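To be precise, the following lines are model_29.cif, and they hold mmCIF, N, CA and C atoms and all ligand atoms.
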data_protein
#
loop_
_atom_site.label_atom_id
_atom_site.label_comp_id
_atom_site.auth_asym_id
_atom_site.auth_seq_id
_atom_site.Cartn_x
_atom_site.Cartn_y
_atom_site.Cartn_z
N MET I 1 -4.90 -13.12 -9.44
CA MET I 1 -4.57 -11.71 -9.23
C MET I 1 -5.75 -10.98 -8.60
N LYS I 2 -5.42 -10.12 -7.68
CA LYS I 2 -6.47 -9.35 -7.02
C LYS I 2 -5.94 -7.95 -6.73
N THR I 3 -6.83 -7.10 -6.29
CA THR I 3 -6.45 -5.76 -5.86
C THR I 3 -6.54 -5.73 -4.35
N VAL I 4 -5.49 -5.22 -3.71
CA VAL I 4 -5.45 -5.15 -2.25
C VAL I 4 -5.25 -3.70 -1.84
N LEU I 5 -6.16 -3.19 -1.04
CA LEU I 5 -6.02 -1.85 -0.49
C LEU I 5 -5.59 -1.96 0.96
N LEU I 6 -4.48 -1.31 1.29
CA LEU I 6 -4.01 -1.25 2.67
C LEU I 6 -4.01 0.21 3.09
N VAL I 7 -4.89 0.56 3.99
CA VAL I 7 -5.01 1.95 4.40
C VAL I 7 -5.02 2.06 5.91
N HIS I 8 -4.67 3.24 6.39
CA HIS I 8 -4.66 3.49 7.83
C HIS I 8 -6.11 3.51 8.32
N GLY I 9 -6.32 3.13 9.56
CA GLY I 9 -7.67 3.04 10.10
C GLY I 9 -8.21 4.34 10.68
N ASP I 10 -7.50 5.46 10.48
CA ASP I 10 -8.04 6.74 10.98
C ASP I 10 -8.89 7.41 9.91
N SER I 11 -9.36 8.63 10.20
CA SER I 11 -10.35 9.23 9.31
C SER I 11 -9.84 9.45 7.89
N ASP I 12 -8.64 10.04 7.74
CA ASP I 12 -8.17 10.28 6.37
C ASP I 12 -7.77 8.98 5.68
N GLY I 13 -7.40 7.96 6.44
CA GLY I 13 -7.11 6.66 5.84
C GLY I 13 -8.37 6.00 5.32
N VAL I 14 -9.44 6.08 6.10
CA VAL I 14 -10.71 5.47 5.69
C VAL I 14 -11.25 6.18 4.44
N VAL I 15 -11.16 7.50 4.41
CA VAL I 15 -11.63 8.24 3.24
C VAL I 15 -10.78 7.89 2.01
N SER I 16 -9.47 7.81 2.21
CA SER I 16 -8.58 7.41 1.10
C SER I 16 -8.97 6.03 0.58
N GLY I 17 -9.26 5.13 1.50
CA GLY I 17 -9.64 3.78 1.11
C GLY I 17 -10.95 3.75 0.35
N ALA I 18 -11.90 4.58 0.78
CA ALA I 18 -13.20 4.62 0.09
C ALA I 18 -13.05 5.14 -1.33
N LEU I 19 -12.23 6.18 -1.51
CA LEU I 19 -12.01 6.72 -2.85
C LEU I 19 -11.28 5.70 -3.73
N ALA I 20 -10.27 5.05 -3.15
CA ALA I 20 -9.52 4.04 -3.91
C ALA I 20 -10.41 2.85 -4.25
N TYR I 21 -11.28 2.46 -3.32
CA TYR I 21 -12.21 1.35 -3.56
C TYR I 21 -13.09 1.65 -4.78
N LYS I 22 -13.63 2.85 -4.81
CA LYS I 22 -14.48 3.24 -5.94
C LYS I 22 -13.69 3.21 -7.24
N PHE I 23 -12.49 3.78 -7.20
CA PHE I 23 -11.65 3.83 -8.41
C PHE I 23 -11.32 2.42 -8.92
N PHE I 24 -10.87 1.55 -8.03
CA PHE I 24 -10.42 0.23 -8.48
C PHE I 24 -11.59 -0.70 -8.85
N THR I 25 -12.76 -0.48 -8.26
CA THR I 25 -13.89 -1.31 -8.69
C THR I 25 -14.31 -0.96 -10.11
N ILE I 26 -14.03 0.26 -10.54
CA ILE I 26 -14.31 0.64 -11.93
C ILE I 26 -13.16 0.19 -12.83
N LYS I 27 -11.92 0.46 -12.40
CA LYS I 27 -10.74 0.16 -13.24
C LYS I 27 -10.55 -1.34 -13.42
N HIS I 28 -10.73 -2.09 -12.35
CA HIS I 28 -10.49 -3.54 -12.38
C HIS I 28 -11.80 -4.29 -12.18
N LYS I 29 -12.74 -4.04 -13.08
CA LYS I 29 -14.02 -4.74 -13.00
C LYS I 29 -13.77 -6.24 -13.03
N ASN I 30 -14.55 -7.00 -12.31
CA ASN I 30 -14.47 -8.46 -12.29
C ASN I 30 -13.20 -8.99 -11.63
N GLN I 31 -12.43 -8.14 -10.97
CA GLN I 31 -11.24 -8.62 -10.25
C GLN I 31 -11.51 -8.50 -8.75
N PRO I 32 -11.19 -9.55 -7.99
CA PRO I 32 -11.42 -9.46 -6.54
C PRO I 32 -10.68 -8.27 -5.93
N LEU I 33 -11.32 -7.64 -4.97
CA LEU I 33 -10.72 -6.48 -4.29
C LEU I 33 -10.91 -6.67 -2.79
N GLU I 34 -9.81 -6.51 -2.07
CA GLU I 34 -9.87 -6.66 -0.62
C GLU I 34 -9.33 -5.41 0.04
N VAL I 35 -9.93 -5.01 1.16
CA VAL I 35 -9.50 -3.82 1.89
C VAL I 35 -9.07 -4.24 3.30
N PHE I 36 -7.91 -3.75 3.70
CA PHE I 36 -7.42 -4.02 5.06
C PHE I 36 -6.95 -2.72 5.69
N PHE I 37 -7.17 -2.60 6.98
CA PHE I 37 -6.65 -1.46 7.72
C PHE I 37 -5.32 -1.86 8.35
N SER I 38 -4.33 -1.00 8.16
CA SER I 38 -3.00 -1.29 8.68
C SER I 38 -2.46 -0.04 9.38
N HIS I 39 -1.18 -0.10 9.74
CA HIS I 39 -0.54 0.99 10.49
C HIS I 39 0.97 0.90 10.28
N PRO I 40 1.70 1.99 10.58
CA PRO I 40 3.13 2.02 10.24
C PRO I 40 3.93 0.84 10.80
N ALA I 41 3.72 0.48 12.04
CA ALA I 41 4.53 -0.59 12.65
C ALA I 41 4.21 -1.96 12.09
N GLY I 42 3.04 -2.10 11.45
CA GLY I 42 2.64 -3.42 10.97
C GLY I 42 2.52 -3.54 9.47
N LEU I 43 2.87 -2.47 8.75
CA LEU I 43 2.67 -2.50 7.30
C LEU I 43 3.43 -3.64 6.62
N HIS I 44 4.69 -3.85 7.03
CA HIS I 44 5.49 -4.90 6.37
C HIS I 44 4.88 -6.28 6.60
N VAL I 45 4.31 -6.50 7.78
CA VAL I 45 3.68 -7.79 8.10
C VAL I 45 2.37 -7.95 7.32
N ASP I 46 1.56 -6.90 7.32
CA ASP I 46 0.26 -6.97 6.65
C ASP I 46 0.42 -7.10 5.14
N LEU I 47 1.41 -6.43 4.58
CA LEU I 47 1.64 -6.54 3.14
C LEU I 47 1.92 -8.00 2.76
N LYS I 48 2.80 -8.63 3.53
CA LYS I 48 3.14 -10.04 3.23
C LYS I 48 1.96 -10.97 3.49
N GLU I 49 1.16 -10.66 4.52
CA GLU I 49 0.05 -11.55 4.88
C GLU I 49 -1.12 -11.44 3.90
N PHE I 50 -1.41 -10.24 3.44
CA PHE I 50 -2.65 -10.03 2.69
C PHE I 50 -2.47 -9.90 1.19
N ALA I 51 -1.24 -9.67 0.73
CA ALA I 51 -1.01 -9.49 -0.70
C ALA I 51 -0.02 -10.52 -1.23
N THR I 52 -0.20 -10.86 -2.48
CA THR I 52 0.68 -11.81 -3.16
C THR I 52 1.39 -11.06 -4.28
N PRO I 53 2.69 -11.33 -4.50
CA PRO I 53 3.35 -10.70 -5.65
C PRO I 53 2.55 -10.97 -6.93
N GLY I 54 2.31 -9.95 -7.70
CA GLY I 54 1.45 -10.07 -8.88
C GLY I 54 0.14 -9.32 -8.70
N ASP I 55 -0.22 -9.09 -7.44
CA ASP I 55 -1.43 -8.32 -7.15
C ASP I 55 -1.21 -6.84 -7.46
N THR I 56 -2.33 -6.13 -7.59
CA THR I 56 -2.30 -4.67 -7.59
C THR I 56 -2.50 -4.22 -6.15
N ILE I 57 -1.56 -3.44 -5.64
CA ILE I 57 -1.60 -3.04 -4.23
C ILE I 57 -1.63 -1.53 -4.15
N PHE I 58 -2.55 -1.03 -3.35
CA PHE I 58 -2.65 0.42 -3.13
C PHE I 58 -2.53 0.65 -1.63
N ILE I 59 -1.53 1.42 -1.25
CA ILE I 59 -1.29 1.74 0.16
C ILE I 59 -1.49 3.24 0.35
N ALA I 60 -2.29 3.62 1.34
CA ALA I 60 -2.51 5.04 1.56
C ALA I 60 -2.52 5.39 3.05
N ASP I 61 -1.93 6.53 3.34
CA ASP I 61 -1.97 7.13 4.67
C ASP I 61 -1.26 6.29 5.73
N ILE I 62 -0.25 5.54 5.32
CA ILE I 62 0.52 4.76 6.29
C ILE I 62 1.97 5.20 6.19
N ALA I 63 2.45 5.91 7.23
CA ALA I 63 3.83 6.40 7.22
C ALA I 63 4.81 5.23 7.16
N LEU I 64 5.98 5.51 6.60
CA LEU I 64 7.02 4.48 6.52
C LEU I 64 7.78 4.44 7.85
N SER I 65 7.74 3.30 8.50
CA SER I 65 8.42 3.12 9.78
C SER I 65 9.92 3.00 9.56
N GLU I 66 10.69 3.84 10.28
CA GLU I 66 12.15 3.76 10.14
C GLU I 66 12.67 2.41 10.61
N LEU I 67 11.97 1.80 11.57
CA LEU I 67 12.41 0.51 12.09
C LEU I 67 12.36 -0.59 11.05
N HIS I 68 11.42 -0.48 10.11
CA HIS I 68 11.22 -1.53 9.12
C HIS I 68 11.47 -1.04 7.70
N LEU I 69 12.19 0.07 7.60
CA LEU I 69 12.34 0.74 6.31
C LEU I 69 13.04 -0.13 5.26
N GLU I 70 14.12 -0.76 5.65
CA GLU I 70 14.87 -1.56 4.67
C GLU I 70 14.00 -2.70 4.13
N GLU I 71 13.31 -3.39 5.02
CA GLU I 71 12.44 -4.48 4.57
C GLU I 71 11.29 -3.94 3.71
N LEU I 72 10.73 -2.81 4.12
CA LEU I 72 9.63 -2.23 3.34
C LEU I 72 10.06 -1.88 1.93
N MET I 73 11.24 -1.27 1.79
CA MET I 73 11.71 -0.89 0.46
C MET I 73 11.93 -2.12 -0.41
N LYS I 74 12.46 -3.19 0.19
CA LYS I 74 12.63 -4.45 -0.56
C LYS I 74 11.29 -5.02 -0.97
N LEU I 75 10.34 -5.00 -0.04
CA LEU I 75 9.00 -5.52 -0.35
C LEU I 75 8.32 -4.68 -1.43
N PHE I 76 8.43 -3.35 -1.33
CA PHE I 76 7.80 -2.49 -2.34
C PHE I 76 8.35 -2.83 -3.72
N LYS I 77 9.67 -3.00 -3.81
CA LYS I 77 10.28 -3.31 -5.11
C LYS I 77 9.81 -4.69 -5.60
N LYS I 78 9.83 -5.67 -4.71
CA LYS I 78 9.42 -7.03 -5.08
C LYS I 78 7.98 -7.06 -5.59
N TYR I 79 7.10 -6.42 -4.85
CA TYR I 79 5.69 -6.45 -5.24
C TYR I 79 5.45 -5.62 -6.50
N ASN I 80 6.19 -4.53 -6.65
CA ASN I 80 5.98 -3.70 -7.85
C ASN I 80 6.58 -4.36 -9.09
N ASP I 81 7.66 -5.13 -8.90
CA ASP I 81 8.25 -5.84 -10.04
C ASP I 81 7.30 -6.91 -10.59
N LYS I 82 6.58 -7.58 -9.70
CA LYS I 82 5.69 -8.68 -10.11
C LYS I 82 4.30 -8.18 -10.51
N GLY I 83 3.86 -7.11 -9.86
CA GLY I 83 2.52 -6.57 -10.15
C GLY I 83 2.60 -5.06 -10.19
N GLU I 84 1.79 -4.41 -9.38
CA GLU I 84 1.85 -2.96 -9.28
C GLU I 84 1.62 -2.56 -7.84
N LEU I 85 2.52 -1.73 -7.31
CA LEU I 85 2.35 -1.22 -5.96
C LEU I 85 2.31 0.30 -6.02
N ILE I 86 1.23 0.87 -5.52
CA ILE I 86 1.06 2.32 -5.48
C ILE I 86 1.05 2.74 -4.02
N TYR I 87 1.93 3.68 -3.69
CA TYR I 87 2.04 4.16 -2.31
C TYR I 87 1.74 5.66 -2.30
N VAL I 88 0.74 6.05 -1.51
CA VAL I 88 0.34 7.46 -1.42
C VAL I 88 0.29 7.84 0.06
N ASP I 89 0.98 8.93 0.41
CA ASP I 89 0.98 9.32 1.82
C ASP I 89 1.26 10.80 1.97
N HIS I 90 0.95 11.34 3.12
CA HIS I 90 1.18 12.75 3.38
C HIS I 90 2.10 12.97 4.58
N HIS I 91 2.63 11.90 5.16
CA HIS I 91 3.52 12.05 6.31
C HIS I 91 4.95 12.31 5.85
N PRO I 92 5.77 12.92 6.71
CA PRO I 92 7.18 13.13 6.33
C PRO I 92 7.86 11.80 6.04
N GLU I 93 8.71 11.80 5.03
CA GLU I 93 9.46 10.58 4.72
C GLU I 93 10.59 10.42 5.72
N PRO I 94 11.01 9.19 5.98
CA PRO I 94 12.20 8.99 6.80
C PRO I 94 13.40 9.69 6.16
N LEU I 95 14.33 10.15 7.00
CA LEU I 95 15.50 10.84 6.47
C LEU I 95 16.23 9.96 5.46
N GLY I 96 16.64 10.56 4.37
CA GLY I 96 17.43 9.83 3.38
C GLY I 96 16.59 9.01 2.42
N VAL I 97 15.29 9.06 2.54
CA VAL I 97 14.44 8.27 1.66
C VAL I 97 13.55 9.19 0.84
N SER I 98 13.52 8.97 -0.45
CA SER I 98 12.59 9.68 -1.28
C SER I 98 11.68 8.66 -1.94
N VAL I 99 10.40 8.80 -1.70
CA VAL I 99 9.45 7.88 -2.34
C VAL I 99 8.77 8.56 -3.52
N ARG I 100 9.30 9.71 -3.91
CA ARG I 100 8.72 10.41 -5.06
C ARG I 100 9.36 9.89 -6.34
N PHE I 101 9.22 8.63 -6.57
CA PHE I 101 9.75 8.02 -7.78
C PHE I 101 8.97 6.75 -8.06
N ARG I 102 9.14 6.28 -9.22
CA ARG I 102 8.53 4.99 -9.57
C ARG I 102 9.58 3.93 -9.43
N ILE I 103 9.26 2.89 -8.69
CA ILE I 103 10.24 1.80 -8.54
C ILE I 103 9.82 0.61 -9.36
MN MN I 201 -3.86 9.71 8.65
#
Could you show the structure in this file as structure tokens?
Amino acid sequence: MKTVLLVHGDSDGVVSGALAYKFFTIKHKNQPLEVFFSHPAGLHVDLKEFATPGDTIFIADIALSELHLEELMKLFKKYNDKGELIYVDHHPEPLGVSVRFRI
């Protein structure tokens, strides 16, 4: 088990990642932590490539791509069922989707 941070590579994404890095290095002492920069069109690919179900995953500042929304929602549920997936963002949600819930 490890902690995986997936954040956008722009300024607010990098700052979000730095804050999350500090938080998780304290919360999950002695647990490996990896940070990756991602983006809306590649989030579903990067999540599968860099995280394993059972990991703690923190995603910040990456909008949900409507093109990959169905797959992303399935992945979020799968990863959160096995471990913990935390998604934090400030972009508008795709129409018909509310991410203001715990899955
Ligand atoms: Mn941003």
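Distance check against I:His90 using only C-alpha atoms: of I:His8, I:Phe76, I:Lys22, I:Gly42, the minimum falls on I:His8.
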Next on the checklist: With only N, CA and C atoms as the counted atoms, please give the residues lying no more than 5 Å from stretch 48-62 of chain I, apart from itself and same-chain residues fewer than 6 positions off, as a VMD selection string.
Outcome noted: chain I and resid 2 to 8 79 82 to 89
Would you put the residues from that selection into a file with N, CA and C atoms, as a PDB file, keeping the file's coordinate frame?
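Below is the file out_26.pdb, written as the result:
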ATOM      1  N   LYS I   2      -5.420 -10.120  -7.680  1.00  0.00           N
ATOM      2  CA  LYS I   2      -6.470  -9.350  -7.020  1.00  0.00           C
ATOM      3  C   LYS I   2      -5.940  -7.950  -6.730  1.00  0.00           C
ATOM      4  N   THR I   3      -6.830  -7.100  -6.290  1.00  0.00           N
ATOM      5  CA  THR I   3      -6.450  -5.760  -5.860  1.00  0.00           C
ATOM      6  C   THR I   3      -6.540  -5.730  -4.350  1.00  0.00           C
ATOM      7  N   VAL I   4      -5.490  -5.220  -3.710  1.00  0.00           N
ATOM      8  CA  VAL I   4      -5.450  -5.150  -2.250  1.00  0.00           C
ATOM      9  C   VAL I   4      -5.250  -3.700  -1.840  1.00  0.00           C
ATOM     10  N   LEU I   5      -6.160  -3.190  -1.040  1.00  0.00           N
ATOM     11  CA  LEU I   5      -6.020  -1.850  -0.490  1.00  0.00           C
ATOM     12  C   LEU I   5      -5.590  -1.960   0.960  1.00  0.00           C
ATOM     13  N   LEU I   6      -4.480  -1.310   1.290  1.00  0.00           N
ATOM     14  CA  LEU I   6      -4.010  -1.250   2.670  1.00  0.00           C
ATOM     15  C   LEU I   6      -4.010   0.210   3.090  1.00  0.00           C
ATOM     16  N   VAL I   7      -4.890   0.560   3.990  1.00  0.00           N
ATOM     17  CA  VAL I   7      -5.010   1.950   4.400  1.00  0.00           C
ATOM     18  C   VAL I   7      -5.020   2.060   5.910  1.00  0.00           C
ATOM     19  N   HIS I   8      -4.670   3.240   6.390  1.00  0.00           N
ATOM     20  CA  HIS I   8      -4.660   3.490   7.830  1.00  0.00           C
ATOM     21  C   HIS I   8      -6.110   3.510   8.320  1.00  0.00           C
ATOM     22  N   TYR I  79       7.100  -6.420  -4.850  1.00  0.00           N
ATOM     23  CA  TYR I  79       5.690  -6.450  -5.240  1.00  0.00           C
ATOM     24  C   TYR I  79       5.450  -5.620  -6.500  1.00  0.00           C
ATOM     25  N   LYS I  82       6.580  -7.580  -9.700  1.00  0.00           N
ATOM     26  CA  LYS I  82       5.690  -8.680 -10.110  1.00  0.00           C
ATOM     27  C   LYS I  82       4.300  -8.180 -10.510  1.00  0.00           C
ATOM     28  N   GLY I  83       3.860  -7.110  -9.860  1.00  0.00           N
ATOM     29  CA  GLY I  83       2.520  -6.570 -10.150  1.00  0.00           C
ATOM     30  C   GLY I  83       2.600  -5.060 -10.190  1.00  0.00           C
ATOM     31  N   GLU I  84       1.790  -4.410  -9.380  1.00  0.00           N
ATOM     32  CA  GLU I  84       1.850  -2.960  -9.280  1.00  0.00           C
ATOM     33  C   GLU I  84       1.620  -2.560  -7.840  1.00  0.00           C
ATOM     34  N   LEU I  85       2.520  -1.730  -7.310  1.00  0.00           N
ATOM     35  CA  LEU I  85       2.350  -1.220  -5.960  1.00  0.00           C
ATOM     36  C   LEU I  85       2.310   0.300  -6.020  1.00  0.00           C
ATOM     37  N   ILE I  86       1.230   0.870  -5.520  1.00  0.00           N
ATOM     38  CA  ILE I  86       1.060   2.320  -5.480  1.00  0.00           C
ATOM     39  C   ILE I  86       1.050   2.740  -4.020  1.00  0.00           C
ATOM     40  N   TYR I  87       1.930   3.680  -3.690  1.00  0.00           N
ATOM     41  CA  TYR I  87       2.040   4.160  -2.310  1.00  0.00           C
ATOM     42  C   TYR I  87       1.740   5.660  -2.300  1.00  0.00           C
ATOM     43  N   VAL I  88       0.740   6.050  -1.510  1.00  0.00           N
ATOM     44  CA  VAL I  88       0.340   7.460  -1.420  1.00  0.00           C
ATOM     45  C   VAL I  88       0.290   7.840   0.060  1.00  0.00           C
ATOM     46  N   ASP I  89       0.980   8.930   0.410  1.00  0.00           N
ATOM     47  CA  ASP I  89       0.980   9.320   1.820  1.00  0.00           C
ATOM     48  C   ASP I  89       1.260  10.800   1.970  1.00  0.00           C
TER      49      ASP I  89
END
Kindly provide, as a compact mmCIF listing (two decimals) with N, CA and C atoms, in the coordinates of the input, all nucleotide and amino acid residues lying within 6 Å of ligand MN 201 (chain I), counting only N, CA and C atoms and all ligand atoms.
# COMPACT_ATOMS: atom_id res chain seq x y z
N ASP I 10 -7.50 5.46 10.48
CA ASP I 10 -8.04 6.74 10.98
C ASP I 10 -8.89 7.41 9.91
N SER I 11 -9.36 8.63 10.20
CA SER I 11 -10.35 9.23 9.31
C SER I 11 -9.84 9.45 7.89
N ASP I 12 -8.64 10.04 7.74
CA ASP I 12 -8.17 10.28 6.37
C ASP I 12 -7.77 8.98 5.68
N GLY I 13 -7.40 7.96 6.44
CA GLY I 13 -7.11 6.66 5.84
C GLY I 13 -8.37 6.00 5.32
N ASP I 61 -1.93 6.53 3.34
CA ASP I 61 -1.97 7.13 4.67
C ASP I 61 -1.26 6.29 5.73
Using DSSP assignments from the backbone, pull out every residue in stretch 48-96 of chain I that falls under strand (DSSP E) and give it to me as a compact mmCIF listing (two decimals) with N, CA and C atoms, keeping the file's coordinate frame.
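The result, stored in states-v9.txt:
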# COMPACT_ATOMS: atom_id res chain seq x y z
N THR I 56 -2.33 -6.13 -7.59
CA THR I 56 -2.30 -4.67 -7.59
C THR I 56 -2.50 -4.22 -6.15
N ILE I 57 -1.56 -3.44 -5.64
CA ILE I 57 -1.60 -3.04 -4.23
C ILE I 57 -1.63 -1.53 -4.15
N PHE I 58 -2.55 -1.03 -3.35
CA PHE I 58 -2.65 0.42 -3.13
C PHE I 58 -2.53 0.65 -1.63
N ILE I 59 -1.53 1.42 -1.25
CA ILE I 59 -1.29 1.74 0.16
C ILE I 59 -1.49 3.24 0.35
N ALA I 60 -2.29 3.62 1.34
CA ALA I 60 -2.51 5.04 1.56
C ALA I 60 -2.52 5.39 3.05
N GLU I 84 1.79 -4.41 -9.38
CA GLU I 84 1.85 -2.96 -9.28
C GLU I 84 1.62 -2.56 -7.84
N LEU I 85 2.52 -1.73 -7.31
CA LEU I 85 2.35 -1.22 -5.96
C LEU I 85 2.31 0.30 -6.02
N ILE I 86 1.23 0.87 -5.52
CA ILE I 86 1.06 2.32 -5.48
C ILE I 86 1.05 2.74 -4.02
N TYR I 87 1.93 3.68 -3.69
CA TYR I 87 2.04 4.16 -2.31
C TYR I 87 1.74 5.66 -2.30
N VAL I 88 0.74 6.05 -1.51
CA VAL I 88 0.34 7.46 -1.42
C VAL I 88 0.29 7.84 0.06
Next on the checklist: Using Å and a single decimal, report how far atom C of I:Val35 sits from atom N of I:Leu69.
Outcome noted: 22.1 Å
Next on the checklist: Please identify the helix (DSSP H, G or I) residues within chain I (assignment by DSSP from backbone atoms) and present them as a ChimeraX atom specification.
Outcome noted: /I:11-27,40-50,66-82
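Picture a line from atom CA of I:Phe23 to atom CA of I:Ser65; it runs 27.1 Å.
For the atom pair formed by atom N of I:Met1 and atom C of I:Leu43, the distance is 20.4 Å, given to one decimal.
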Checklist entry - Between I:Gly9, I:Leu72, I:Val15, I:Lys78, which is the closest to I:Phe36 once you count all atoms listed in the file? => result I:Gly9
Could you give me the axis-aligned bounding box of stretch 56-59 of chain I, with 3 Å of padding per side, as centre plus edge lengths in Å to one decimal, as AutoDock Vina command-line options?
--center_x -2.0 --center_y -1.4 --center_z -3.6 --size_x 7.4 --size_y 15.4 --size_z 13.9
Item to check | 8 Å contact set for I:Ala41, all atoms listed in the file, chain neighbours under 2 positions out, as number ranges by chain | outcome: I: 38-39, 43-46, 62-68
